[in-house]
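For reference, target-v2.txt (compact mmCIF, C-alpha atoms and all ligand atoms):
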```
# COMPACT_ATOMS: atom_id res chain seq x y z
CA MET A 1 -36.22 19.50 39.53
CA LEU A 2 -34.67 16.63 41.52
CA ASN A 3 -31.28 17.02 43.12
CA SER A 4 -29.34 14.01 41.77
CA ALA A 5 -27.06 13.69 44.79
CA GLU A 6 -30.11 13.61 47.06
CA VAL A 7 -31.79 10.97 44.87
CA LYS A 8 -28.71 8.76 45.20
CA ARG A 9 -28.47 9.31 48.94
CA LEU A 10 -32.12 8.32 49.39
CA ALA A 11 -31.64 5.27 47.13
CA LEU A 12 -28.88 3.97 49.37
CA GLU A 13 -31.01 4.76 52.39
CA ALA A 14 -33.84 2.71 50.86
CA GLY A 15 -31.51 -0.29 50.81
CA PHE A 16 -30.07 -0.24 47.29
CA ASP A 17 -26.33 -0.74 46.77
CA ASP A 18 -25.87 1.81 43.99
CA CYS A 19 -27.84 4.32 41.94
CA GLY A 20 -27.26 6.11 38.64
CA ILE A 21 -29.46 8.48 36.66
CA ALA A 22 -29.89 8.62 32.87
CA ARG A 23 -31.77 11.09 30.73
CA ALA A 24 -34.83 9.34 29.24
CA ASP A 25 -34.49 9.13 25.48
CA ARG A 26 -34.08 6.39 22.90
CA LEU A 27 -31.40 3.72 23.26
CA GLU A 28 -29.23 3.47 20.15
CA ASP A 29 -28.94 0.19 18.23
CA SER A 30 -25.24 0.30 19.15
CA GLU A 31 -26.21 0.26 22.84
CA TYR A 32 -28.91 -2.38 22.62
CA PRO A 33 -29.06 -4.48 19.40
CA LEU A 34 -32.65 -5.56 20.03
CA ARG A 35 -33.76 -5.47 16.40
CA GLU A 36 -30.82 -7.57 15.20
CA TRP A 37 -31.41 -10.06 18.02
CA LEU A 38 -35.08 -10.40 17.02
CA ARG A 39 -34.14 -10.63 13.33
CA ARG A 40 -31.96 -13.64 14.15
CA GLY A 41 -34.84 -15.26 16.04
CA TRP A 42 -32.66 -15.50 19.16
CA ASN A 43 -35.61 -14.61 21.36
CA ALA A 44 -36.77 -18.25 20.89
CA SER A 45 -40.37 -18.58 22.16
CA MET A 46 -40.31 -15.19 23.94
CA GLY A 47 -42.87 -13.71 21.56
CA TYR A 48 -43.53 -10.88 24.00
CA MET A 49 -40.12 -9.45 23.10
CA GLU A 50 -41.44 -8.77 19.59
CA ARG A 51 -44.52 -6.91 20.75
CA ASN A 52 -43.11 -3.62 22.10
CA PRO A 53 -39.63 -3.11 20.62
CA ASP A 54 -40.01 0.67 20.49
CA MET A 55 -41.16 0.80 24.10
CA ARG A 56 -38.17 -1.31 25.14
CA LEU A 57 -35.87 1.13 23.37
CA ASP A 58 -37.56 4.32 24.54
CA PRO A 59 -38.99 4.74 28.08
CA ARG A 60 -40.86 7.85 26.95
CA ILE A 61 -43.31 5.46 25.28
CA LEU A 62 -43.68 3.47 28.50
CA VAL A 63 -44.17 6.65 30.56
CA PRO A 64 -45.33 9.55 28.40
CA GLY A 65 -43.43 12.70 29.33
CA ALA A 66 -40.61 10.77 31.03
CA ARG A 67 -37.42 12.79 31.47
CA SER A 68 -35.31 10.62 33.78
CA VAL A 69 -34.57 6.96 34.44
CA ILE A 70 -33.36 6.44 38.01
CA CYS A 71 -31.52 3.10 37.97
CA VAL A 72 -30.70 1.09 41.07
CA VAL A 73 -28.79 -2.10 41.74
CA SER A 74 -29.08 -4.58 44.56
CA ALA A 75 -26.16 -6.99 44.99
CA TYR A 76 -26.53 -10.64 45.96
CA PRO A 77 -24.01 -13.32 46.93
CA PRO A 78 -22.32 -15.41 44.23
CA PRO A 79 -23.19 -19.12 44.20
CA ALA A 80 -21.29 -21.42 46.55
CA SER A 81 -20.88 -23.96 43.73
CA PRO A 82 -22.16 -24.43 40.17
CA GLY A 83 -25.30 -26.49 39.42
CA GLY A 84 -28.81 -26.80 40.81
CA THR A 85 -30.39 -23.38 41.25
CA ALA A 86 -28.74 -20.23 39.90
CA ALA A 87 -27.56 -17.66 42.44
CA PHE A 88 -30.26 -15.09 41.66
CA ALA A 89 -33.02 -17.60 42.44
CA ALA A 90 -31.47 -18.70 45.72
CA ILE A 91 -32.37 -15.40 47.41
CA ARG A 92 -35.79 -14.34 48.69
CA ASP A 93 -38.21 -13.22 45.95
CA TYR A 94 -36.24 -10.29 44.64
CA HIS A 95 -39.13 -8.88 42.58
CA THR A 96 -41.14 -8.18 45.72
CA GLU A 97 -38.15 -6.91 47.68
CA LEU A 98 -36.92 -4.54 44.96
CA LYS A 99 -40.38 -3.27 44.20
CA SER A 100 -41.10 -2.41 47.82
CA ARG A 101 -37.79 -0.51 48.01
CA LEU A 102 -38.65 1.35 44.78
CA PHE A 103 -42.04 2.30 46.23
CA LEU A 104 -40.25 3.56 49.35
CA LEU A 105 -37.78 5.59 47.28
CA ARG A 106 -40.59 7.11 45.22
CA GLU A 107 -42.45 8.02 48.38
CA ARG A 108 -39.39 9.65 49.95
CA LEU A 109 -38.74 11.61 46.75
CA GLY A 110 -42.39 12.65 46.64
CA ILE A 111 -42.61 12.24 42.87
CA GLN A 112 -44.69 10.54 40.22
CA ALA A 113 -42.73 7.62 38.81
CA LYS A 114 -43.26 4.14 37.44
CA PRO A 115 -41.36 1.47 39.41
CA CYS A 116 -39.92 -1.21 37.10
CA VAL A 117 -38.57 -4.62 38.05
CA ASP A 118 -38.00 -7.27 35.39
CA THR A 119 -41.57 -7.76 34.13
CA VAL A 120 -42.01 -4.20 32.78
CA PRO A 121 -40.96 -3.74 29.11
CA ILE A 122 -37.88 -1.63 29.79
CA ALA A 123 -34.32 -2.62 28.88
CA ASP A 124 -33.10 -2.61 32.48
CA LYS A 125 -29.45 -3.60 32.04
CA TYR A 126 -28.98 -1.24 29.10
CA TRP A 127 -30.41 1.63 31.14
CA ALA A 128 -28.15 0.73 34.04
CA ALA A 129 -25.21 0.89 31.61
CA ARG A 130 -26.42 4.25 30.28
CA ALA A 131 -26.61 5.46 33.90
CA GLY A 132 -22.95 4.57 34.48
CA LEU A 133 -23.55 1.62 36.84
CA GLY A 134 -21.59 -0.86 34.73
CA TRP A 135 -21.29 -2.09 31.15
CA ILE A 136 -22.70 -4.90 29.03
CA GLY A 137 -20.35 -7.89 28.91
CA ARG A 138 -20.16 -10.36 26.04
CA HIS A 139 -22.48 -12.64 28.03
CA THR A 140 -25.01 -9.74 27.69
CA LEU A 141 -25.23 -9.14 31.44
CA LEU A 142 -24.51 -5.90 33.25
CA VAL A 143 -21.03 -6.00 34.80
CA THR A 144 -20.65 -3.63 37.72
CA PRO A 145 -17.22 -2.49 38.93
CA ARG A 146 -17.86 -3.64 42.49
CA TRP A 147 -20.16 -6.66 42.39
CA GLY A 148 -19.54 -8.00 38.89
CA THR A 149 -22.74 -9.49 37.50
CA TRP A 150 -24.18 -10.53 40.86
CA VAL A 151 -26.80 -7.77 40.92
CA ASN A 152 -30.53 -7.33 40.43
CA LEU A 153 -31.82 -4.20 38.74
CA GLY A 154 -34.71 -1.80 39.13
CA GLU A 155 -35.77 1.58 37.77
CA LEU A 156 -37.99 4.54 38.52
CA VAL A 157 -39.09 6.19 35.28
CA THR A 158 -40.23 9.71 36.01
CA PRO A 159 -41.29 12.94 34.28
CA GLU A 160 -39.02 14.79 36.74
CA GLU A 161 -35.89 16.51 35.46
CA CYS A 162 -32.71 15.88 37.48
CA THR A 163 -29.89 18.31 38.20
CA ASP A 164 -27.19 15.94 36.87
CA TYR A 165 -27.11 12.90 34.63
CA ASP A 166 -24.52 10.15 34.70
CA SER A 167 -22.45 9.10 31.70
CA PRO A 168 -21.76 5.54 30.57
CA LEU A 169 -18.41 4.21 31.83
CA PRO A 170 -15.58 4.57 29.31
CA PRO A 171 -14.94 1.38 27.27
CA ARG A 172 -11.33 0.61 28.46
CA GLY A 173 -11.18 -2.62 26.49
CA ARG A 174 -13.13 -4.70 28.99
CA CYS A 175 -14.04 -7.90 27.14
CA ASP A 176 -11.14 -7.42 24.70
CA ALA A 177 -10.12 -10.85 23.48
CA CYS A 178 -11.28 -12.61 26.66
CA LYS A 179 -14.30 -14.66 25.51
CA ARG A 180 -14.14 -16.88 28.61
CA CYS A 181 -17.94 -16.76 28.84
CA VAL A 182 -18.21 -17.86 25.20
CA THR A 183 -16.03 -20.89 25.92
CA ALA A 184 -17.74 -21.65 29.25
CA CYS A 185 -21.21 -21.93 27.74
CA PRO A 186 -21.83 -25.64 27.10
CA ASN A 187 -24.40 -24.87 24.40
CA HIS A 188 -22.64 -22.13 22.42
CA ALA A 189 -25.38 -19.64 23.20
CA ILE A 190 -23.16 -16.54 23.32
CA ALA A 191 -22.16 -14.72 20.13
CA PRO A 192 -18.33 -14.84 19.94
CA ASP A 193 -18.09 -11.63 17.91
CA GLY A 194 -20.00 -8.46 17.19
CA PRO A 195 -22.28 -6.76 19.69
CA PRO A 196 -23.06 -8.81 22.83
CA MET A 197 -25.93 -11.16 21.96
CA LEU A 198 -27.21 -14.48 23.25
CA ASP A 199 -29.30 -17.16 21.52
CA ALA A 200 -31.99 -17.95 24.08
CA SER A 201 -32.86 -21.21 22.31
CA ARG A 202 -29.39 -22.51 23.34
CA CYS A 203 -29.46 -21.14 26.89
CA ILE A 204 -30.06 -23.33 29.96
CA SER A 205 -31.43 -20.35 31.86
CA PHE A 206 -34.11 -19.71 29.24
CA HIS A 207 -35.15 -23.38 29.07
CA THR A 208 -35.33 -23.81 32.85
CA THR A 209 -36.91 -20.48 33.87
CA GLN A 210 -38.91 -19.12 30.91
CA SER A 211 -39.84 -21.85 28.48
CA LYS A 212 -42.97 -23.86 29.25
CA LEU A 213 -41.63 -26.84 27.28
CA PRO A 214 -39.30 -29.60 28.46
CA VAL A 215 -35.60 -28.84 28.03
CA PRO A 216 -34.59 -30.06 24.53
CA GLN A 217 -32.43 -33.17 24.51
CA ASP A 218 -29.52 -31.42 22.79
CA ILE A 219 -29.20 -28.84 25.60
CA ASP A 220 -26.52 -29.77 28.12
CA THR A 221 -27.84 -28.47 31.46
CA ARG A 222 -24.66 -29.26 33.46
CA GLY A 223 -26.85 -30.14 36.41
CA TYR A 224 -28.81 -26.86 36.47
CA THR A 225 -32.50 -27.17 37.21
CA PHE A 226 -33.36 -23.43 37.45
CA GLY A 227 -31.19 -20.79 35.77
CA CYS A 228 -27.48 -21.11 35.02
CA ASP A 229 -24.40 -19.29 36.36
CA LEU A 230 -21.70 -20.78 34.14
CA CYS A 231 -20.93 -17.73 31.98
CA GLN A 232 -20.93 -15.51 35.07
CA LEU A 233 -18.63 -17.84 36.98
CA ALA A 234 -16.19 -17.70 34.06
CA CYS A 235 -16.12 -13.91 33.92
CA PRO A 236 -12.90 -12.42 35.35
CA PHE A 237 -14.85 -9.42 36.60
CA ASN A 238 -16.66 -11.75 38.97
CA GLN A 239 -13.47 -12.98 40.61
CA SER A 240 -12.85 -11.24 43.92
CA GLY A 241 -9.84 -8.96 43.87
CA ASP A 242 -10.00 -8.61 40.11
CA THR A 243 -11.90 -5.35 40.09
CA ALA A 244 -8.56 -3.55 39.68
CA ARG A 245 -8.76 -4.55 36.00
CA ILE A 246 -11.80 -2.38 35.48
S1 LIG B 301 -26.61 -18.80 31.26
FE1 LIG B 301 -25.56 -20.79 30.91
S2 LIG B 301 -26.47 -21.63 29.02
FE2 LIG B 301 -27.03 -19.43 29.15
S3 LIG B 301 -25.44 -18.38 27.99
FE3 LIG B 301 -24.72 -18.40 30.11
S4 LIG B 301 -23.46 -20.29 30.25
FE4 LIG B 301 -24.70 -20.43 28.39
S1 LIG B 302 -16.08 -13.53 30.49
FE1 LIG B 302 -14.70 -12.16 29.36
S2 LIG B 302 -15.74 -11.82 27.39
FE2 LIG B 302 -17.27 -12.62 28.83
S3 LIG B 302 -18.24 -10.80 29.72
FE3 LIG B 302 -16.60 -11.42 31.11
S4 LIG B 302 -14.81 -10.20 30.44
FE4 LIG B 302 -16.32 -10.13 28.78
```

Take the structure in the file and write it out as structure tokens.
Amino acid sequence: MLNSAEVKRLALEAGFDDCGIARADRLEDSEYPLREWLRRGWNASMGYMERNPDMRLDPRILVPGARSVICVVSAYPPPASPGGTAAFAAIRDYHTELKSRLFLLRERLGIQAKPCVDTVPIADKYWAARAGLGWIGRHTLLVTPRWGTWVNLGELVTPEECTDYDSPLPPRGRCDACKRCVTACPNHAIAPDGPPMLDASRCISFHTTQSKLPVPQDIDTRGYTFGCDLCQLACPFNQSGDTARI
């Protein structure tokens, strides 16, 4: 049995900015509308998203016997100005950095656990939301109370039980009638209503970081060549001093 407070203390010591712990079970459709997103074909050419939907919804399939998902966030600076390279890509290879910190945390905890960063089929932002680290904004990104969306995510999925589990943050309106990200997207990629969903085929970030094909002519890149920060820059929770609204 892992002491949750000790896990969080060691996570901060390993260099992460925050840590939350969720019980490993299945994400509800209301938490993560993966099936509806796939049904709409909004995964564009990301065929891999269709391959393991159950695994993405349930980490006990990824790690048989999993009981806990230890979620961590690592904050990075917002972009100085829009265009060019998105903020997340301007920092040193975060995959390597986060993974080495997860290995360190696992070692200090002395447990068996699978470290996950981005390429593993786990719904990282939805698990971070389940672990109380933030909530899913209309732009489909995790919004944290302290750093807004400017965070990278990682997880340790482990068969260990923890003494305490975190709860998702209460709704408190959050996106309400805001929709600034919807308006800010030059290609209308973000669903204006219903559960947060994004049409990857309309997204600059998808076309410049994931797709192997040239950016379609009808996609307005607004000067971005790798990623896109526009919906994040529009989000009031990313404006300094605005965290009081949360
Ligand atoms: S990343 Fe850019 S293109 Fe993609 S949804 Fe956000 S604003 Fe639209
Ligand atoms: S810009 Fe507004 S609608 Fe979009 S995620 Fe932020 S608060 Fe929600």

TODO: Between A:Ile111, A:Val117, A:Ala234, A:Leu27, single out the one closest to A:Cys71, counting all atoms listed in the file.
DONE: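 Of all the options, A:Val117 lies closest to A:Cys71.
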
- [ ] For ligand LIG 302 (chain B), list the contacting residues at 10 Å or closer, counting all atoms listed in the file, as a VMD selection string.
- [x] chain A and resid 135 to 143 148 to 149 173 to 184 190 192 to 193 196 230 to 238 245 to 246

Task: For atom CA of A:Gly41 and atom CA of A:Asp199, the interatomic separation in Å (one decimal) - done: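 Here the two named atoms are 8.0 Å from each other.
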
Task: Among listed residues A:Cys185, A:Val73, A:Val215, A:Val120, nearest ligand LIG 301 (chain B) (using only C-alpha atoms and all ligand atoms) - done: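 So, comparing all the options, the nearest one is A:Cys185.
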
Task: Counting only C-alpha atoms and all ligand atoms, the residue of A:Trp147, A:Arg39, A:Glu107, A:Gly83 that sits nearest ligand LIG 301 (chain B) - done: A:Gly83

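Put simply, atom CA of A:Lys114 is 10.7 Å away from atom CA of A:Pro64.
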
Open item on the list: I'd like the interatomic distance between atom S3 of ligand LIG 301 (chain B) and atom CA of A:Ala80, to a tenth of an Å.
Closed with: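 For atom S3 of ligand LIG 301 (chain B) relative to atom CA of A:Ala80, the distance reads 19.3 Å.
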
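The closest residue to A:Arg202, picked from A:Ala44, A:Leu102, A:Val157, A:Ala11 and counting only C-alpha atoms, is A:Ala44.
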
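Closest to A:Tyr48 among A:Pro170, A:Pro121, A:Pro216, A:Gly134 is A:Pro121, based on only C-alpha atoms.
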
Task: Nearest to ligand LIG 301 (chain B) by atom-to-atom distance, counting all atoms listed in the file, from A:Tyr165, A:Glu13, A:Ala86, A:Pro214 - done: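 Once distances to ligand LIG 301 (chain B) are computed over all atoms listed in the file, the minimum belongs to A:Ala86.
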
Task: Selection near A:Asp218, 12 Å with all atoms listed in the file, sequence-local residues under 2 positions removed, as a ChimeraX atom specification - done: /A:186-188,201-204,207,214-216,220-222

Would you compute the box with edges along x, y and z of the file around stretch 213-229 of chain A, including every atom the file lists for it and 6 Å extra on each side, and give its centre and edge lengths in Å to one decimal, as AutoDock Vina command-line options?
```
--center_x -33.0 --center_y -26.2 --center_z 30.1 --size_x 29.2 --size_y 25.9 --size_z 26.7
```

Open item on the list: So that I can see what lies close to A:Gly84, please list as a ChimeraX atom specification the residues with an atom at most 10 Å from it, counting all atoms listed in the file and leaving out residues fewer than 5 positions away in the same chain.
Closed with: /A:90,221-229

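A distance cut-off of 10 Å around (-25.8, 3.7, 28.8), counting only C-alpha atoms, selects these protein and nucleic acid residues: A:Ile21, A:Ala22, A:Arg23, A:Leu27, A:Glu28, A:Glu31, A:Tyr32, A:Lys125, A:Tyr126, A:Trp127, A:Ala128, A:Ala129, A:Arg130, A:Ala131, A:Gly132, A:Leu133, A:Gly134, A:Trp135, A:Ile136, A:Asp166, A:Ser167, A:Pro168, A:Leu169.
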
Open item on the list: When you look at A:Met46 with a cut-off of 12 Å (counting only C-alpha atoms), what residues show up, excluding the ones that are within fewer than 4 positions of it in the same chain? I need them as JSON, numbers by chain.
Closed with: {"A": [37, 38, 41, 42, 50, 51, 199, 200, 201, 206, 207, 209, 210, 211, 212]}

Would you write out those residues with C-alpha atoms, as a CSV table (one decimal), in the coordinates of the input?
```csv
chain,number,residue,atom,x,y,z
A,37,TRP,CA,-31.4,-10.1,18.0
A,38,LEU,CA,-35.1,-10.4,17.0
A,41,GLY,CA,-34.8,-15.3,16.0
A,42,TRP,CA,-32.7,-15.5,19.2
A,50,GLU,CA,-41.4,-8.8,19.6
A,51,ARG,CA,-44.5,-6.9,20.8
A,199,ASP,CA,-29.3,-17.2,21.5
A,200,ALA,CA,-32.0,-18.0,24.1
A,201,SER,CA,-32.9,-21.2,22.3
A,206,PHE,CA,-34.1,-19.7,29.2
A,207,HIS,CA,-35.2,-23.4,29.1
A,209,THR,CA,-36.9,-20.5,33.9
A,210,GLN,CA,-38.9,-19.1,30.9
A,211,SER,CA,-39.8,-21.8,28.5
A,212,LYS,CA,-43.0,-23.9,29.2
```

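Residues within 7 Å of A:Ala24, counting only C-alpha atoms and excluding same-chain residues fewer than 5 positions away, are Pro59, Arg60, Ala66, Arg67, Ser68 and Val69 of chain A.
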
Open item on the list: Given the point (-34.0, -10.4, 44.8) in the file's coordinates, find the residues that have an atom at most 9 Å from it, counting all atoms listed in the file, and give them as a PyMOL selection string.
Closed with: chain A and resi 74-76+88-98+151-153

Residues as selected, C-alpha atoms, written as a compact mmCIF listing (two decimals), in the coordinates of the input, can you do that?
```txt
# COMPACT_ATOMS: atom_id res chain seq x y z
CA SER A 74 -29.08 -4.58 44.56
CA ALA A 75 -26.16 -6.99 44.99
CA TYR A 76 -26.53 -10.64 45.96
CA PHE A 88 -30.26 -15.09 41.66
CA ALA A 89 -33.02 -17.60 42.44
CA ALA A 90 -31.47 -18.70 45.72
CA ILE A 91 -32.37 -15.40 47.41
CA ARG A 92 -35.79 -14.34 48.69
CA ASP A 93 -38.21 -13.22 45.95
CA TYR A 94 -36.24 -10.29 44.64
CA HIS A 95 -39.13 -8.88 42.58
CA THR A 96 -41.14 -8.18 45.72
CA GLU A 97 -38.15 -6.91 47.68
CA LEU A 98 -36.92 -4.54 44.96
CA VAL A 151 -26.80 -7.77 40.92
CA ASN A 152 -30.53 -7.33 40.43
CA LEU A 153 -31.82 -4.20 38.74
```

Close residues, A:Asp58 itself excluded, 8 Å, only C-alpha atoms, min 3 positions apart in chain, as a PDB file with C-alpha atoms, keeping the file's coordinate frame:
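out18.pdb, freshly written:
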```pdb
ATOM      1  CA  ALA A  24     -34.830   9.340  29.240  1.00  0.00           C
ATOM      2  CA  ASP A  25     -34.490   9.130  25.480  1.00  0.00           C
ATOM      3  CA  ARG A  26     -34.080   6.390  22.900  1.00  0.00           C
ATOM      4  CA  LEU A  27     -31.400   3.720  23.260  1.00  0.00           C
ATOM      5  CA  ASP A  54     -40.010   0.670  20.490  1.00  0.00           C
ATOM      6  CA  MET A  55     -41.160   0.800  24.100  1.00  0.00           C
ATOM      7  CA  ILE A  61     -43.310   5.460  25.280  1.00  0.00           C
ATOM      8  CA  LEU A  62     -43.680   3.470  28.500  1.00  0.00           C
ATOM      9  CA  ILE A 122     -37.880  -1.630  29.790  1.00  0.00           C
TER      10      ILE A 122
END
```

Missing atoms in stretch 154-187 of chain A need filling: write out N, CA and C atoms for it as a PDB file, in the coordinates of the input.
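part31.pdb, written as the output of this step:
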```
ATOM      1  N   GLY A 154     -33.384  -2.421  39.096  1.00  0.00           N
ATOM      2  CA  GLY A 154     -34.710  -1.800  39.130  1.00  0.00           C
ATOM      3  C   GLY A 154     -34.611  -0.371  38.627  1.00  0.00           C
ATOM      4  N   GLU A 155     -35.751   0.209  38.280  1.00  0.00           N
ATOM      5  CA  GLU A 155     -35.770   1.580  37.770  1.00  0.00           C
ATOM      6  C   GLU A 155     -37.010   2.320  38.270  1.00  0.00           C
ATOM      7  N   LEU A 156     -36.852   3.630  38.406  1.00  0.00           N
ATOM      8  CA  LEU A 156     -37.990   4.540  38.520  1.00  0.00           C
ATOM      9  C   LEU A 156     -37.958   5.408  37.269  1.00  0.00           C
ATOM     10  N   VAL A 157     -39.003   5.326  36.472  1.00  0.00           N
ATOM     11  CA  VAL A 157     -39.090   6.190  35.280  1.00  0.00           C
ATOM     12  C   VAL A 157     -40.006   7.343  35.632  1.00  0.00           C
ATOM     13  N   THR A 158     -39.488   8.555  35.490  1.00  0.00           N
ATOM     14  CA  THR A 158     -40.230   9.710  36.010  1.00  0.00           C
ATOM     15  C   THR A 158     -40.209  10.901  35.055  1.00  0.00           C
ATOM     16  N   PRO A 159     -41.278  11.698  35.082  1.00  0.00           N
ATOM     17  CA  PRO A 159     -41.290  12.940  34.280  1.00  0.00           C
ATOM     18  C   PRO A 159     -40.394  14.022  34.879  1.00  0.00           C
ATOM     19  N   GLU A 160     -39.857  13.773  36.081  1.00  0.00           N
ATOM     20  CA  GLU A 160     -39.020  14.790  36.740  1.00  0.00           C
ATOM     21  C   GLU A 160     -37.679  14.951  36.021  1.00  0.00           C
ATOM     22  N   GLU A 161     -37.237  16.195  35.949  1.00  0.00           N
ATOM     23  CA  GLU A 161     -35.890  16.510  35.460  1.00  0.00           C
ATOM     24  C   GLU A 161     -34.935  16.355  36.645  1.00  0.00           C
ATOM     25  N   CYS A 162     -33.695  15.970  36.400  1.00  0.00           N
ATOM     26  CA  CYS A 162     -32.710  15.880  37.480  1.00  0.00           C
ATOM     27  C   CYS A 162     -31.594  16.900  37.255  1.00  0.00           C
ATOM     28  N   THR A 163     -30.931  17.276  38.331  1.00  0.00           N
ATOM     29  CA  THR A 163     -29.890  18.310  38.200  1.00  0.00           C
ATOM     30  C   THR A 163     -28.698  17.802  37.396  1.00  0.00           C
ATOM     31  N   ASP A 164     -28.356  16.502  37.566  1.00  0.00           N
ATOM     32  CA  ASP A 164     -27.190  15.940  36.870  1.00  0.00           C
ATOM     33  C   ASP A 164     -27.522  14.554  36.348  1.00  0.00           C
ATOM     34  N   TYR A 165     -26.939  14.247  35.195  1.00  0.00           N
ATOM     35  CA  TYR A 165     -27.110  12.900  34.630  1.00  0.00           C
ATOM     36  C   TYR A 165     -25.758  12.213  34.534  1.00  0.00           C
ATOM     37  N   ASP A 166     -25.771  10.896  34.756  1.00  0.00           N
ATOM     38  CA  ASP A 166     -24.520  10.150  34.700  1.00  0.00           C
ATOM     39  C   ASP A 166     -24.180   9.786  33.260  1.00  0.00           C
ATOM     40  N   SER A 167     -22.907   9.512  33.035  1.00  0.00           N
ATOM     41  CA  SER A 167     -22.450   9.100  31.700  1.00  0.00           C
ATOM     42  C   SER A 167     -22.083   7.630  31.750  1.00  0.00           C
ATOM     43  N   PRO A 168     -22.218   6.931  30.605  1.00  0.00           N
ATOM     44  CA  PRO A 168     -21.760   5.540  30.570  1.00  0.00           C
ATOM     45  C   PRO A 168     -20.274   5.473  30.909  1.00  0.00           C
ATOM     46  N   LEU A 169     -19.835   4.364  31.513  1.00  0.00           N
ATOM     47  CA  LEU A 169     -18.410   4.210  31.830  1.00  0.00           C
ATOM     48  C   LEU A 169     -17.617   4.135  30.533  1.00  0.00           C
ATOM     49  N   PRO A 170     -16.385   4.655  30.528  1.00  0.00           N
ATOM     50  CA  PRO A 170     -15.580   4.570  29.310  1.00  0.00           C
ATOM     51  C   PRO A 170     -15.258   3.114  28.968  1.00  0.00           C
ATOM     52  N   PRO A 171     -15.082   2.784  27.676  1.00  0.00           N
ATOM     53  CA  PRO A 171     -14.940   1.380  27.270  1.00  0.00           C
ATOM     54  C   PRO A 171     -13.716   0.660  27.885  1.00  0.00           C
ATOM     55  N   ARG A 172     -12.541   1.206  27.871  1.00  0.00           N
ATOM     56  CA  ARG A 172     -11.330   0.610  28.460  1.00  0.00           C
ATOM     57  C   ARG A 172     -11.140  -0.866  28.106  1.00  0.00           C
ATOM     58  N   GLY A 173     -11.480  -1.245  26.900  1.00  0.00           N
ATOM     59  CA  GLY A 173     -11.180  -2.620  26.490  1.00  0.00           C
ATOM     60  C   GLY A 173     -12.124  -3.666  27.041  1.00  0.00           C
ATOM     61  N   ARG A 174     -12.259  -3.748  28.286  1.00  0.00           N
ATOM     62  CA  ARG A 174     -13.130  -4.700  28.990  1.00  0.00           C
ATOM     63  C   ARG A 174     -13.081  -6.125  28.431  1.00  0.00           C
ATOM     64  N   CYS A 175     -14.027  -6.510  27.583  1.00  0.00           N
ATOM     65  CA  CYS A 175     -14.040  -7.900  27.140  1.00  0.00           C
ATOM     66  C   CYS A 175     -12.815  -8.215  26.262  1.00  0.00           C
ATOM     67  N   ASP A 176     -12.315  -7.220  25.548  1.00  0.00           N
ATOM     68  CA  ASP A 176     -11.140  -7.420  24.700  1.00  0.00           C
ATOM     69  C   ASP A 176     -11.219  -8.766  23.973  1.00  0.00           C
ATOM     70  N   ALA A 177     -10.146  -9.542  24.148  1.00  0.00           N
ATOM     71  CA  ALA A 177     -10.120 -10.850  23.480  1.00  0.00           C
ATOM     72  C   ALA A 177     -10.450 -11.963  24.461  1.00  0.00           C
ATOM     73  N   CYS A 178     -11.040 -11.643  25.587  1.00  0.00           N
ATOM     74  CA  CYS A 178     -11.280 -12.610  26.660  1.00  0.00           C
ATOM     75  C   CYS A 178     -12.107 -13.817  26.197  1.00  0.00           C
ATOM     76  N   LYS A 179     -13.379 -13.610  25.979  1.00  0.00           N
ATOM     77  CA  LYS A 179     -14.300 -14.660  25.510  1.00  0.00           C
ATOM     78  C   LYS A 179     -14.392 -15.883  26.429  1.00  0.00           C
ATOM     79  N   ARG A 180     -14.036 -15.732  27.694  1.00  0.00           N
ATOM     80  CA  ARG A 180     -14.140 -16.880  28.610  1.00  0.00           C
ATOM     81  C   ARG A 180     -15.592 -17.337  28.761  1.00  0.00           C
ATOM     82  N   CYS A 181     -16.526 -16.367  28.712  1.00  0.00           N
ATOM     83  CA  CYS A 181     -17.940 -16.760  28.840  1.00  0.00           C
ATOM     84  C   CYS A 181     -18.389 -17.550  27.613  1.00  0.00           C
ATOM     85  N   VAL A 182     -17.858 -17.161  26.444  1.00  0.00           N
ATOM     86  CA  VAL A 182     -18.210 -17.860  25.200  1.00  0.00           C
ATOM     87  C   VAL A 182     -17.793 -19.326  25.312  1.00  0.00           C
ATOM     88  N   THR A 183     -16.581 -19.539  25.791  1.00  0.00           N
ATOM     89  CA  THR A 183     -16.030 -20.890  25.920  1.00  0.00           C
ATOM     90  C   THR A 183     -16.750 -21.674  27.021  1.00  0.00           C
ATOM     91  N   ALA A 184     -17.133 -20.964  28.097  1.00  0.00           N
ATOM     92  CA  ALA A 184     -17.740 -21.650  29.250  1.00  0.00           C
ATOM     93  C   ALA A 184     -19.156 -22.137  28.978  1.00  0.00           C
ATOM     94  N   CYS A 185     -19.822 -21.531  28.007  1.00  0.00           N
ATOM     95  CA  CYS A 185     -21.210 -21.930  27.740  1.00  0.00           C
ATOM     96  C   CYS A 185     -21.244 -23.292  27.050  1.00  0.00           C
ATOM     97  N   PRO A 186     -21.856 -24.287  27.683  1.00  0.00           N
ATOM     98  CA  PRO A 186     -21.830 -25.640  27.100  1.00  0.00           C
ATOM     99  C   PRO A 186     -22.669 -25.767  25.830  1.00  0.00           C
ATOM    100  N   ASN A 187     -23.484 -24.764  25.547  1.00  0.00           N
ATOM    101  CA  ASN A 187     -24.400 -24.870  24.400  1.00  0.00           C
ATOM    102  C   ASN A 187     -24.155 -23.808  23.333  1.00  0.00           C
TER     103      ASN A 187
END
```
